[in-house]
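Participant: My structure is stored as entry-v4.txt, with compact mmCIF, C-alpha atoms (C1' of nucleotides).
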# COMPACT_ATOMS: atom_id res chain seq x y z
CA MET A 1 135.42 -110.86 -98.89
CA ASN A 2 139.03 -111.10 -97.74
CA ILE A 3 141.97 -109.93 -99.73
CA LYS A 4 143.35 -112.87 -101.59
CA ILE A 5 146.28 -113.90 -99.52
CA ASN A 6 148.44 -115.27 -102.27
CA PHE A 7 150.07 -113.28 -105.02
CA LEU A 8 150.23 -110.10 -103.00
CA LYS A 9 152.74 -107.86 -104.66
CA THR A 10 153.25 -104.67 -102.68
CA ARG A 11 154.34 -103.88 -99.16
CA ALA A 12 151.11 -101.96 -98.71
CA GLN A 13 149.08 -105.05 -99.51
CA VAL A 14 151.08 -107.14 -97.06
CA ALA A 15 150.67 -104.47 -94.39
CA SER A 16 146.94 -104.37 -95.00
CA LEU A 17 146.71 -108.14 -94.68
CA LEU A 18 148.57 -108.03 -91.38
CA ARG A 19 146.27 -105.31 -90.06
CA GLN A 20 143.25 -107.40 -91.01
CA HIS A 21 144.62 -110.09 -88.74
CA ASP A 22 145.39 -107.73 -85.85
CA ILE A 23 149.11 -107.84 -86.40
CA THR A 24 150.99 -104.55 -86.25
CA PRO A 25 152.75 -104.29 -89.58
CA THR A 26 156.31 -103.54 -88.62
CA HIS A 27 159.03 -103.25 -91.19
CA GLN A 28 160.39 -106.72 -90.37
CA ARG A 29 157.01 -108.42 -90.44
CA VAL A 30 156.20 -106.87 -93.79
CA ARG A 31 159.56 -108.04 -95.17
CA ILE A 32 158.83 -111.58 -94.04
CA GLY A 33 155.27 -111.34 -95.33
CA GLU A 34 156.53 -110.20 -98.72
CA ILE A 35 158.62 -113.33 -99.00
CA LEU A 36 155.87 -115.66 -97.90
CA PHE A 37 152.81 -114.18 -99.53
CA THR A 38 153.97 -113.26 -103.00
CA ARG A 39 153.71 -116.86 -104.07
CA MET A 40 152.57 -120.17 -102.63
CA GLN A 41 155.51 -122.02 -101.24
CA HIS A 42 156.96 -124.01 -98.40
CA LEU A 43 159.87 -122.41 -96.61
CA SER A 44 161.74 -123.37 -93.48
CA ALA A 45 162.61 -120.72 -90.90
CA GLU A 46 166.21 -120.94 -92.08
CA GLN A 47 165.18 -120.27 -95.68
CA VAL A 48 163.07 -117.29 -94.64
CA LEU A 49 166.01 -115.93 -92.68
CA LEU A 50 168.26 -116.25 -95.71
CA ALA A 51 165.72 -114.79 -98.10
CA VAL A 52 165.01 -111.83 -95.86
CA ASN A 53 168.66 -111.01 -95.44
CA GLN A 54 169.71 -110.94 -99.07
CA GLY A 55 173.09 -109.26 -98.88
CA HIS A 56 172.98 -107.23 -95.70
CA ASP A 57 171.40 -108.08 -92.38
CA GLU A 58 167.88 -106.82 -92.02
CA VAL A 59 166.01 -109.16 -89.68
CA SER A 60 167.39 -111.16 -86.79
CA LYS A 61 166.94 -114.86 -86.27
CA ALA A 62 164.82 -114.31 -83.16
CA THR A 63 162.46 -112.06 -85.06
CA VAL A 64 162.09 -114.51 -87.92
CA TYR A 65 161.17 -117.29 -85.50
CA ASN A 66 158.83 -115.02 -83.53
CA THR A 67 157.15 -113.77 -86.66
CA LEU A 68 156.65 -117.17 -88.23
CA GLY A 69 155.08 -118.38 -84.99
CA LEU A 70 152.91 -115.30 -84.88
CA PHE A 71 151.77 -115.72 -88.47
CA ALA A 72 150.97 -119.38 -87.80
CA ARG A 73 148.91 -118.57 -84.70
CA HIS A 74 146.96 -115.98 -86.70
CA GLY A 75 146.33 -118.37 -89.56
CA LEU A 76 148.44 -116.58 -92.14
CA VAL A 77 150.67 -119.58 -92.73
CA ARG A 78 150.34 -123.25 -92.02
CA GLU A 79 153.02 -125.23 -90.22
CA VAL A 80 153.83 -128.44 -92.01
CA ILE A 81 155.57 -131.10 -89.96
CA VAL A 82 156.99 -133.78 -92.21
CA ASP A 83 160.71 -133.57 -91.64
CA PRO A 84 162.08 -134.46 -88.23
CA SER A 85 164.57 -131.61 -88.32
CA LYS A 86 162.59 -128.56 -89.33
CA ILE A 87 159.17 -127.02 -89.73
CA PHE A 88 157.96 -125.85 -93.12
CA TYR A 89 155.77 -122.76 -93.32
CA ASP A 90 153.22 -123.07 -96.08
CA SER A 91 151.68 -119.95 -97.56
CA ASN A 92 149.14 -121.94 -99.51
CA LEU A 93 146.07 -121.66 -97.30
CA THR A 94 143.66 -123.53 -99.51
CA LYS A 95 142.68 -126.94 -98.19
CA HIS A 96 145.26 -129.39 -99.45
CA HIS A 97 147.60 -132.19 -98.49
CA HIS A 98 151.28 -132.98 -98.95
CA LEU A 99 153.61 -135.22 -100.84
CA TYR A 100 157.01 -135.50 -99.21
CA TYR A 101 160.05 -136.97 -100.89
CA SER A 102 162.06 -138.50 -98.10
CA ASP A 103 165.09 -138.88 -100.34
CA SER A 104 165.37 -135.25 -101.41
CA GLY A 105 163.44 -133.46 -98.69
CA GLU A 106 161.21 -131.90 -101.34
CA LEU A 107 157.66 -131.03 -100.34
CA GLN A 108 154.81 -130.76 -102.84
CA ASP A 109 151.19 -129.80 -102.53
CA ILE A 110 148.41 -132.18 -103.38
CA ALA A 111 145.17 -130.44 -104.23
CA ASP A 112 142.30 -131.34 -101.97
CA GLU A 113 140.27 -132.90 -104.77
CA HIS A 114 142.89 -135.60 -105.26
CA VAL A 115 142.45 -136.95 -101.76
CA GLU A 116 139.23 -138.09 -100.22
CA ILE A 117 138.91 -139.07 -96.61
CA ALA A 118 135.68 -141.02 -96.40
CA LYS A 119 135.72 -141.83 -92.71
CA LEU A 120 137.18 -140.40 -89.53
CA PRO A 121 136.87 -141.70 -85.98
CA GLU A 122 134.35 -140.44 -83.45
CA LEU A 123 136.10 -138.42 -80.80
CA PRO A 124 134.97 -137.37 -77.33
CA ASP A 125 133.09 -134.07 -77.07
CA ASP A 126 135.92 -132.23 -75.35
CA VAL A 127 138.35 -133.01 -78.16
CA HIS A 128 138.34 -130.60 -81.00
CA ILE A 129 140.15 -131.25 -84.22
CA GLU A 130 142.53 -128.58 -85.44
CA ALA A 131 143.64 -130.30 -88.62
CA VAL A 132 143.64 -133.57 -90.49
CA ASP A 133 146.92 -133.88 -92.30
CA VAL A 134 147.49 -136.44 -95.00
CA ILE A 135 151.14 -136.93 -95.87
CA ILE A 136 152.19 -139.19 -98.68
CA ARG A 137 155.79 -140.20 -98.14
CA ALA A 138 157.50 -141.26 -101.32
CA ARG A 139 160.84 -141.59 -103.00
CA ARG A 140 161.97 -141.48 -106.60
CA SER A 141 164.01 -144.26 -108.12
CA MET B 1 153.96 -167.07 -90.62
CA ASN B 2 156.02 -164.53 -88.76
CA ILE B 3 156.39 -164.37 -85.05
CA LYS B 4 153.94 -161.87 -83.72
CA ILE B 5 156.04 -158.83 -83.13
CA ASN B 6 154.16 -157.41 -80.20
CA PHE B 7 153.96 -158.90 -76.74
CA LEU B 8 157.28 -160.66 -76.97
CA LYS B 9 158.37 -161.49 -73.48
CA THR B 10 161.80 -163.05 -73.44
CA ARG B 11 165.21 -161.99 -74.64
CA ALA B 12 165.37 -165.14 -76.71
CA GLN B 13 162.22 -164.13 -78.57
CA VAL B 14 163.58 -160.67 -79.23
CA ALA B 15 166.87 -162.15 -80.43
CA SER B 16 165.01 -164.47 -82.74
CA LEU B 17 163.00 -161.60 -84.18
CA LEU B 18 166.17 -159.64 -84.85
CA ARG B 19 167.76 -162.63 -86.58
CA GLN B 20 164.68 -163.00 -88.77
CA HIS B 21 165.35 -159.46 -89.94
CA ASP B 22 169.07 -160.00 -90.51
CA ILE B 23 170.08 -157.98 -87.49
CA THR B 24 172.81 -159.43 -85.31
CA PRO B 25 171.25 -159.64 -81.87
CA THR B 26 173.79 -157.93 -79.66
CA HIS B 27 173.18 -157.44 -75.99
CA GLN B 28 172.33 -153.75 -76.49
CA ARG B 29 169.95 -154.34 -79.38
CA VAL B 30 168.10 -156.99 -77.44
CA ARG B 31 167.78 -154.64 -74.46
CA ILE B 32 166.28 -151.98 -76.70
CA GLY B 33 164.07 -154.54 -78.42
CA GLU B 34 162.78 -155.73 -75.06
CA ILE B 35 161.62 -152.23 -74.26
CA LEU B 36 160.00 -151.64 -77.61
CA PHE B 37 158.45 -155.01 -78.41
CA THR B 38 156.91 -156.09 -75.14
CA ARG B 39 154.00 -153.78 -75.70
CA MET B 40 152.71 -151.44 -78.35
CA GLN B 41 153.81 -147.95 -77.62
CA HIS B 42 155.31 -144.75 -78.92
CA LEU B 43 158.65 -143.80 -77.44
CA SER B 44 161.09 -141.05 -78.32
CA ALA B 45 164.80 -141.83 -78.52
CA GLU B 46 165.24 -139.98 -75.24
CA GLN B 47 162.62 -142.16 -73.56
CA VAL B 48 164.24 -145.33 -74.86
CA LEU B 49 167.60 -144.14 -73.56
CA LEU B 50 166.11 -143.55 -70.13
CA ALA B 51 164.22 -146.83 -70.06
CA VAL B 52 167.26 -148.83 -71.14
CA ASN B 53 169.46 -147.31 -68.51
CA GLN B 54 167.29 -147.85 -65.46
CA GLY B 55 169.75 -147.26 -62.65
CA HIS B 56 173.14 -147.96 -64.17
CA ASP B 57 174.39 -147.15 -67.63
CA GLU B 58 174.01 -149.98 -70.05
CA VAL B 59 173.65 -148.51 -73.52
CA SER B 60 175.15 -145.31 -74.85
CA LYS B 61 173.24 -142.54 -76.54
CA ALA B 62 174.95 -143.20 -79.87
CA THR B 63 173.94 -146.85 -79.79
CA VAL B 64 170.34 -146.03 -78.96
CA TYR B 65 170.11 -143.66 -81.92
CA ASN B 66 171.90 -146.11 -84.21
CA THR B 67 169.71 -148.98 -83.13
CA LEU B 68 166.43 -147.11 -83.49
CA GLY B 69 167.45 -146.07 -87.00
CA LEU B 70 168.45 -149.65 -87.79
CA PHE B 71 165.16 -151.05 -86.50
CA ALA B 72 163.25 -148.48 -88.53
CA ARG B 73 165.14 -149.32 -91.74
CA HIS B 74 164.39 -153.00 -91.17
CA GLY B 75 160.73 -152.38 -90.55
CA LEU B 76 160.71 -153.36 -86.88
CA VAL B 77 159.46 -149.99 -85.73
CA ARG B 78 157.76 -147.14 -87.48
CA GLU B 79 158.98 -143.57 -87.23
CA VAL B 80 156.17 -141.17 -86.47
CA ILE B 81 156.81 -137.54 -87.27
CA VAL B 82 154.20 -135.34 -85.62
CA ASP B 83 156.18 -133.23 -83.23
CA PRO B 84 158.68 -130.76 -84.62
CA SER B 85 161.21 -131.55 -81.92
CA LYS B 86 161.44 -135.31 -81.80
CA ILE B 87 160.72 -138.58 -83.59
CA PHE B 88 158.46 -141.18 -82.02
CA TYR B 89 159.21 -144.85 -82.58
CA ASP B 90 156.04 -146.86 -82.80
CA SER B 91 156.15 -150.58 -82.10
CA ASN B 92 152.60 -151.07 -83.32
CA LEU B 93 153.16 -152.36 -86.83
CA THR B 94 149.56 -152.95 -87.75
CA LYS B 95 148.19 -150.50 -90.28
CA HIS B 96 146.91 -147.53 -88.36
CA HIS B 97 146.91 -143.76 -88.07
CA HIS B 98 147.55 -141.22 -85.35
CA LEU B 99 145.81 -138.72 -83.15
CA TYR B 100 148.15 -136.11 -81.78
CA TYR B 101 147.27 -133.76 -78.95
CA SER B 102 149.21 -130.61 -79.68
CA ASP B 103 148.53 -129.25 -76.20
CA SER B 104 149.94 -132.19 -74.26
CA GLY B 105 152.19 -133.85 -76.83
CA GLU B 106 150.29 -137.10 -76.34
CA LEU B 107 150.13 -139.49 -79.28
CA GLN B 108 147.36 -142.07 -79.72
CA ASP B 109 146.74 -144.77 -82.25
CA ILE B 110 143.68 -144.78 -84.46
CA ALA B 111 142.80 -148.21 -85.76
CA ASP B 112 142.81 -148.48 -89.52
CA GLU B 113 139.11 -149.26 -89.72
CA HIS B 114 138.24 -145.84 -88.30
CA VAL B 115 139.84 -144.03 -91.21
CA GLU B 116 139.06 -144.54 -94.84
CA ILE B 117 141.00 -142.90 -97.61
CA ALA B 118 138.80 -143.16 -100.65
CA LYS B 119 141.02 -141.43 -103.14
CA LEU B 120 144.71 -140.74 -103.65
CA PRO B 121 146.44 -138.89 -106.47
CA GLU B 122 148.00 -140.53 -109.48
CA LEU B 123 151.75 -140.30 -109.25
CA PRO B 124 154.43 -140.72 -111.92
CA ASP B 125 155.77 -144.24 -112.45
CA ASP B 126 159.15 -143.53 -110.91
CA VAL B 127 157.62 -142.38 -107.65
CA HIS B 128 156.90 -145.07 -105.16
CA ILE B 129 154.89 -144.48 -102.07
CA GLU B 130 156.44 -145.53 -98.80
CA ALA B 131 153.60 -144.53 -96.51
CA VAL B 132 150.39 -142.59 -96.34
CA ASP B 133 150.17 -141.01 -92.91
CA VAL B 134 146.98 -139.52 -91.58
CA ILE B 135 147.49 -137.34 -88.55
CA ILE B 136 144.58 -135.83 -86.71
CA ARG B 137 145.78 -132.85 -84.73
CA ALA B 138 143.53 -132.01 -81.82
CA ARG B 139 143.41 -130.39 -78.46
CA ARG B 140 141.27 -130.93 -75.39
CA SER B 141 139.28 -128.23 -73.67
C1' DC C 1 158.17 -80.77 -80.96
C1' DC C 2 159.38 -83.33 -76.89
C1' DG C 3 159.55 -87.12 -74.20
C1' DC C 4 157.08 -91.02 -72.01
C1' DG C 5 155.67 -95.78 -72.24
C1' DC C 6 155.29 -99.94 -74.44
C1' DA C 7 155.58 -103.30 -78.14
C1' DA C 8 158.92 -105.17 -80.99
C1' DA C 9 163.57 -106.27 -82.38
C1' DT C 10 168.11 -107.64 -81.36
C1' DA C 11 172.62 -110.25 -80.23
C1' DG C 12 174.09 -113.83 -78.47
C1' DA C 13 173.94 -117.38 -74.88
C1' DC C 14 171.59 -121.46 -74.18
C1' DT C 15 168.86 -125.97 -74.83
C1' DT C 16 167.57 -130.01 -77.09
C1' DT C 17 167.72 -133.49 -80.45
C1' DG C 18 170.45 -135.83 -83.07
C1' DT C 19 175.09 -136.91 -85.70
C1' DC C 20 179.93 -137.79 -86.11
C1' DT C 21 184.60 -139.37 -84.93
C1' DG C 22 188.07 -142.11 -83.57
C1' DA C 23 189.30 -145.27 -80.20
C1' DA C 24 188.13 -149.49 -77.68
C1' DT C 25 185.60 -153.68 -77.39
C1' DT C 26 183.48 -157.76 -79.01
C1' DA C 27 182.39 -161.12 -82.19
C1' DT C 28 183.73 -164.08 -86.35
C1' DA C 29 186.60 -166.77 -89.06
C1' DA C 30 190.66 -168.85 -90.64
C1' DT D 1 195.70 -167.58 -81.91
C1' DT D 2 195.57 -163.98 -84.86
C1' DA D 3 193.43 -160.89 -87.85
C1' DT D 4 189.40 -158.94 -89.67
C1' DA D 5 185.19 -156.91 -89.30
C1' DA D 6 181.23 -155.27 -86.79
C1' DT D 7 179.58 -152.92 -82.90
C1' DT D 8 179.78 -149.89 -79.05
C1' DC D 9 181.24 -145.95 -76.68
C1' DA D 10 182.36 -141.17 -74.76
C1' DG D 11 182.34 -137.05 -75.87
C1' DA D 12 182.77 -133.42 -79.37
C1' DC D 13 179.99 -131.40 -82.64
C1' DA D 14 175.93 -129.58 -85.45
C1' DA D 15 171.41 -127.65 -86.36
C1' DA D 16 166.98 -125.92 -85.06
C1' DG D 17 164.85 -123.36 -82.10
C1' DT D 18 164.22 -120.73 -77.42
C1' DC D 19 165.27 -117.39 -73.95
C1' DT D 20 167.03 -113.21 -71.80
C1' DA D 21 168.48 -108.80 -71.06
C1' DT D 22 169.01 -104.78 -73.57
C1' DT D 23 168.00 -101.48 -77.14
C1' DT D 24 165.12 -99.51 -80.67
C1' DG D 25 161.55 -96.99 -82.31
C1' DC D 26 156.74 -95.94 -82.76
C1' DG D 27 152.16 -93.80 -80.90
C1' DC D 28 150.41 -90.43 -78.26
C1' DG D 29 149.59 -86.76 -74.79
C1' DG D 30 151.02 -82.41 -73.62
Using the file provided, produce a representation of the structure as structure tokens.

Facilitator:
Amino acid sequence: MNIKINFLKTRAQVASLLRQHDITPTHQRVRIGEILFTRMQHLSAEQVLLAVNQGHDEVSKATVYNTLGLFARHGLVREVIVDPSKIFYDSNLTKHHHLYYSDSGELQDIADEHVEIAKLPELPDDVHIEAVDVIIRARRS
Amino acid sequence: MNIKINFLKTRAQVASLLRQHDITPTHQRVRIGEILFTRMQHLSAEQVLLAVNQGHDEVSKATVYNTLGLFARHGLVREVIVDPSKIFYDSNLTKHHHLYYSDSGELQDIADEHVEIAKLPELPDDVHIEAVDVIIRARRS
DNA sequence: CCGCGCAAATAGACTTTGTCTGAATTATAA
DNA sequence: TTATAATTCAGACAAAGTCTATTTGCGCGG
């Protein structure tokens, strides 16, 4: 049984999670992990950079981008592509879909049980599906 | 009954389509429309710019971006957001979904009948849905 | 405890996609 | 014809993300 990825509270827990995924837990990576994994949320790279560097500089832009990519490749966060100008990193790893408000840029989770995909196309054998994303685009008025 | 938007062949047909959608058919807009509406395809702004300016300059970058946005707002093309670095403009206006190859960047249509969404969440009254996009992310190997 | 070697981090230049500005052109209307 | 408005344009600008060359700092053998 894996450590529950969300609601981690301590640096030690984040470090342990990283080790479980074969990621060396450096100071910077743990800082970024703290921000992402202490609650379920969607953050852009820019927002992570700001959050990490509250007050004084601690982690460089390059490292934030590298680390987010690394986390995504190791399945610790999910990249959500809904906005043409930035990627959101989603620390909610349960199966779910997204509701995107194109007026405000707000992104909300939709629990898996509220969406049912009853049919998907047959694909050739050499094609393997990485994800099926359902995005509801809406606006308030 | 509307003019069938795909497979338009002549400038006059494109101009007529634009007029139907309250868009003044300028030379540049018709050029761009010719490229988009003569067959169903997904093109990025960059690709439209290149296609329009075969050989000599005819339409500026600013106009291409303005026109694609204008066409999208008037429902003549559909913006497809699957790649974090660019928007695709889809001239296939029939209801359909997308298969995106994250290794090659290739984007394919999936006919509506191959996907069935059996359930969607209830949303508050002031929220109105603009689109429900299903994106299958896959890779070949 | 020292220093070697390597992974990781860094600053900042660079790239790409897209937006903005203000001037010039073209169309529209009186 | 004149003026009024809409459209186009070149090029400056902005934002997100990548790349490079250098530095940092940790793990490990002696």

Participant: Chain A residues within 6 Å of chain B, counting all atoms listed in the file: which ones, as a PyMOL selection string?

Facilitator: chain A and resi 114-121+126-141

Participant: Work out how far apart atom CA of A:Gly33 and atom C1' of D:DT22 are and give it in Å to one decimal.

Facilitator: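 These atoms are spaced 26.6 Å apart.
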
Participant: Hey, what's within 12 Å of D:DT2 if we count only C-alpha atoms (C1' of nucleotides) and toss same-chain stuff fewer than 6 positions away? As number ranges by chain, please?

Facilitator: C: 28-30

Participant: Could those selected residues go to a file with C-alpha atoms (C1' of nucleotides), as an mmCIF file, in the coordinates of the input?

Facilitator:
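Saved to selection-v9.cif:
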data_model
loop_
_atom_site.group_PDB
_atom_site.id
_atom_site.type_symbol
_atom_site.label_atom_id
_atom_site.label_comp_id
_atom_site.auth_asym_id
_atom_site.auth_seq_id
_atom_site.Cartn_x
_atom_site.Cartn_y
_atom_site.Cartn_z
ATOM 1 C "C1'" DT C 28 183.730 -164.080 -86.350
ATOM 2 C "C1'" DA C 29 186.600 -166.770 -89.060
ATOM 3 C "C1'" DA C 30 190.660 -168.850 -90.640
#

Participant: Find the spatial neighbours of A:Leu76, counting only C-alpha atoms (C1' of nucleotides), within a cut-off of 10 Å - ignore same-chain residues fewer than 6 positions away - and output them as a PyMOL selection string.

Facilitator: chain A and resi 5+17-18+21+33+36-37+68-70+89-93

Participant: Residues of chain A within 10 Å of chain D: nearest atom pair and distance (Å, one decimal) for each, counting only C-alpha atoms (C1' of nucleotides), sorted by chain and number, as JSON lines?

Facilitator:
{"residue": "A:Thr26", "atom": "CA", "partner": "D:DC26", "partner_atom": "C1'", "distance": 9.6}
{"residue": "A:Ala45", "atom": "CA", "partner": "D:DA16", "partner_atom": "C1'", "distance": 9.0}
{"residue": "A:Glu46", "atom": "CA", "partner": "D:DA16", "partner_atom": "C1'", "distance": 8.6}
{"residue": "A:Lys61", "atom": "CA", "partner": "D:DG17", "partner_atom": "C1'", "distance": 9.7}
{"residue": "A:Ala62", "atom": "CA", "partner": "D:DT18", "partner_atom": "C1'", "distance": 8.6}
{"residue": "A:Tyr65", "atom": "CA", "partner": "D:DG17", "partner_atom": "C1'", "distance": 7.9}
{"residue": "A:Asn66", "atom": "CA", "partner": "D:DT18", "partner_atom": "C1'", "distance": 9.9}
{"residue": "A:Ser85", "atom": "CA", "partner": "D:DA16", "partner_atom": "C1'", "distance": 7.0}
{"residue": "A:Lys86", "atom": "CA", "partner": "D:DA16", "partner_atom": "C1'", "distance": 6.7}
{"residue": "A:Ile87", "atom": "CA", "partner": "D:DA16", "partner_atom": "C1'", "distance": 9.2}

Participant: Here's a check: after a least-squares fit over all in-order C-alpha atoms, write chain A in the frame of chain B, as a short mmCIF file (atom, residue, chain, number, x, y, z; two decimals) with C-alpha atoms, in the coordinates of the input.

Facilitator:
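Okay, result-v9.cif is ready:
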data_model
loop_
_atom_site.label_atom_id
_atom_site.label_comp_id
_atom_site.auth_asym_id
_atom_site.auth_seq_id
_atom_site.Cartn_x
_atom_site.Cartn_y
_atom_site.Cartn_z
CA MET A 1 154.02 -167.17 -90.51
CA ASN A 2 156.12 -164.61 -88.67
CA ILE A 3 156.50 -164.45 -84.95
CA LYS A 4 154.02 -161.97 -83.65
CA ILE A 5 156.07 -158.90 -83.10
CA ASN A 6 154.15 -157.45 -80.22
CA PHE A 7 153.93 -158.89 -76.75
CA LEU A 8 157.26 -160.64 -76.96
CA LYS A 9 158.32 -161.44 -73.45
CA THR A 10 161.77 -163.01 -73.38
CA ARG A 11 165.19 -161.95 -74.55
CA ALA A 12 165.34 -165.11 -76.62
CA GLN A 13 162.21 -164.12 -78.50
CA VAL A 14 163.58 -160.65 -79.17
CA ALA A 15 166.87 -162.13 -80.36
CA SER A 16 165.03 -164.50 -82.66
CA LEU A 17 163.02 -161.63 -84.12
CA LEU A 18 166.20 -159.67 -84.79
CA ARG A 19 167.80 -162.67 -86.49
CA GLN A 20 164.75 -163.05 -88.71
CA HIS A 21 165.39 -159.52 -89.90
CA ASP A 22 169.13 -160.04 -90.45
CA ILE A 23 170.12 -158.02 -87.44
CA THR A 24 172.84 -159.44 -85.21
CA PRO A 25 171.26 -159.65 -81.78
CA THR A 26 173.77 -157.93 -79.57
CA HIS A 27 173.14 -157.39 -75.91
CA GLN A 28 172.29 -153.71 -76.44
CA ARG A 29 169.95 -154.33 -79.35
CA VAL A 30 168.10 -156.98 -77.40
CA ARG A 31 167.74 -154.60 -74.44
CA ILE A 32 166.26 -151.95 -76.71
CA GLY A 33 164.07 -154.53 -78.42
CA GLU A 34 162.76 -155.72 -75.07
CA ILE A 35 161.59 -152.22 -74.28
CA LEU A 36 159.99 -151.65 -77.64
CA PHE A 37 158.46 -155.00 -78.43
CA THR A 38 156.92 -156.10 -75.16
CA ARG A 39 154.00 -153.80 -75.73
CA MET A 40 152.71 -151.46 -78.42
CA GLN A 41 153.81 -147.96 -77.68
CA HIS A 42 155.30 -144.76 -78.97
CA LEU A 43 158.64 -143.81 -77.50
CA SER A 44 161.09 -141.08 -78.36
CA ALA A 45 164.80 -141.85 -78.56
CA GLU A 46 165.23 -140.00 -75.28
CA GLN A 47 162.61 -142.18 -73.59
CA VAL A 48 164.23 -145.35 -74.91
CA LEU A 49 167.57 -144.15 -73.59
CA LEU A 50 166.08 -143.54 -70.17
CA ALA A 51 164.19 -146.82 -70.10
CA VAL A 52 167.21 -148.82 -71.15
CA ASN A 53 169.41 -147.27 -68.52
CA GLN A 54 167.24 -147.82 -65.48
CA GLY A 55 169.65 -147.15 -62.65
CA HIS A 56 173.06 -147.81 -64.12
CA ASP A 57 174.36 -147.05 -67.58
CA GLU A 58 173.97 -149.90 -69.99
CA VAL A 59 173.60 -148.45 -73.49
CA SER A 60 175.09 -145.27 -74.86
CA LYS A 61 173.18 -142.52 -76.59
CA ALA A 62 174.91 -143.20 -79.90
CA THR A 63 173.90 -146.84 -79.79
CA VAL A 64 170.29 -146.02 -78.99
CA TYR A 65 170.10 -143.68 -81.97
CA ASN A 66 171.90 -146.15 -84.24
CA THR A 67 169.69 -149.00 -83.15
CA LEU A 68 166.43 -147.14 -83.53
CA GLY A 69 167.47 -146.12 -87.04
CA LEU A 70 168.45 -149.68 -87.79
CA PHE A 71 165.17 -151.08 -86.51
CA ALA A 72 163.26 -148.52 -88.57
CA ARG A 73 165.16 -149.37 -91.76
CA HIS A 74 164.43 -153.06 -91.18
CA GLY A 75 160.75 -152.44 -90.56
CA LEU A 76 160.73 -153.40 -86.90
CA VAL A 77 159.46 -150.01 -85.78
CA ARG A 78 157.76 -147.16 -87.53
CA GLU A 79 158.98 -143.59 -87.27
CA VAL A 80 156.17 -141.20 -86.51
CA ILE A 81 156.82 -137.56 -87.29
CA VAL A 82 154.22 -135.37 -85.63
CA ASP A 83 156.21 -133.26 -83.22
CA PRO A 84 158.70 -130.78 -84.60
CA SER A 85 161.23 -131.59 -81.91
CA LYS A 86 161.47 -135.36 -81.83
CA ILE A 87 160.72 -138.59 -83.63
CA PHE A 88 158.46 -141.20 -82.06
CA TYR A 89 159.22 -144.87 -82.63
CA ASP A 90 156.05 -146.90 -82.86
CA SER A 91 156.15 -150.61 -82.15
CA ASN A 92 152.62 -151.10 -83.36
CA LEU A 93 153.18 -152.38 -86.89
CA THR A 94 149.57 -152.97 -87.81
CA LYS A 95 148.20 -150.50 -90.34
CA HIS A 96 146.90 -147.54 -88.39
CA HIS A 97 146.92 -143.78 -88.10
CA HIS A 98 147.57 -141.23 -85.37
CA LEU A 99 145.84 -138.77 -83.15
CA TYR A 100 148.19 -136.14 -81.77
CA TYR A 101 147.32 -133.80 -78.94
CA SER A 102 149.26 -130.65 -79.66
CA ASP A 103 148.60 -129.32 -76.17
CA SER A 104 150.01 -132.28 -74.25
CA GLY A 105 152.24 -133.93 -76.82
CA GLU A 106 150.34 -137.18 -76.34
CA LEU A 107 150.17 -139.55 -79.29
CA GLN A 108 147.40 -142.12 -79.73
CA ASP A 109 146.76 -144.81 -82.28
CA ILE A 110 143.70 -144.80 -84.47
CA ALA A 111 142.81 -148.22 -85.79
CA ASP A 112 142.82 -148.47 -89.54
CA GLU A 113 139.11 -149.26 -89.73
CA HIS A 114 138.24 -145.85 -88.31
CA VAL A 115 139.83 -144.01 -91.20
CA GLU A 116 139.04 -144.49 -94.83
CA ILE A 117 140.97 -142.83 -97.59
CA ALA A 118 138.75 -143.09 -100.64
CA LYS A 119 140.97 -141.33 -103.14
CA LEU A 120 144.66 -140.65 -103.63
CA PRO A 121 146.36 -138.76 -106.44
CA GLU A 122 147.92 -140.39 -109.48
CA LEU A 123 151.68 -140.16 -109.27
CA PRO A 124 154.34 -140.56 -111.94
CA ASP A 125 155.67 -144.08 -112.51
CA ASP A 126 159.07 -143.38 -110.99
CA VAL A 127 157.54 -142.26 -107.70
CA HIS A 128 156.86 -144.97 -105.24
CA ILE A 129 154.87 -144.42 -102.11
CA GLU A 130 156.43 -145.49 -98.85
CA ALA A 131 153.59 -144.50 -96.57
CA VAL A 132 150.37 -142.55 -96.35
CA ASP A 133 150.17 -141.00 -92.93
CA VAL A 134 146.98 -139.52 -91.58
CA ILE A 135 147.50 -137.35 -88.53
CA ILE A 136 144.59 -135.86 -86.68
CA ARG A 137 145.81 -132.89 -84.69
CA ALA A 138 143.57 -132.07 -81.78
CA ARG A 139 143.48 -130.44 -78.40
CA ARG A 140 141.38 -130.97 -75.31
CA SER A 141 139.49 -128.13 -73.69
#

Participant: Kindly give the distance, in Å, that separates atom CA of B:Gln41 and atom CA of B:Glu106, rounded to a single decimal.

Facilitator: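 Computed distance, atom CA of B:Gln41 to atom CA of B:Glu106, equals 11.5 Å.
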
Participant: Would you kindly report the residues of chain C within 10 Å of chain B, using all atoms listed in the file, as a list of chain:residue names?

Facilitator: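 Here is what falls inside 10 Å: C:DT16, C:DT17, C:DG18, C:DT19, C:DC20, C:DT26, C:DA27.
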
Participant: Atom CA of A:Leu49 and atom CA of A:Val64, how far apart in Å?

Facilitator: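 Here the two named atoms are 6.3 Å from each other.
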
Participant: How big is the axis-aligned box around all listed atoms of stretch 107-112 of chain A once 4 Å goes on each side, and where's its centre, in Å to one decimal, as JSON?

Facilitator:
{"center_x": 150.0, "center_y": -131.0, "center_z": -102.3, "size_x": 23.4, "size_y": 10.4, "size_z": 11.9}

Participant: In terms of the shortest atom-to-atom distance over all atoms listed in the file, which of B:Phe71, B:Lys95, B:His42, B:Asp103 is closest to B:Arg19?

Facilitator: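 Ranked by minimum distance to B:Arg19, first place goes to B:Phe71.
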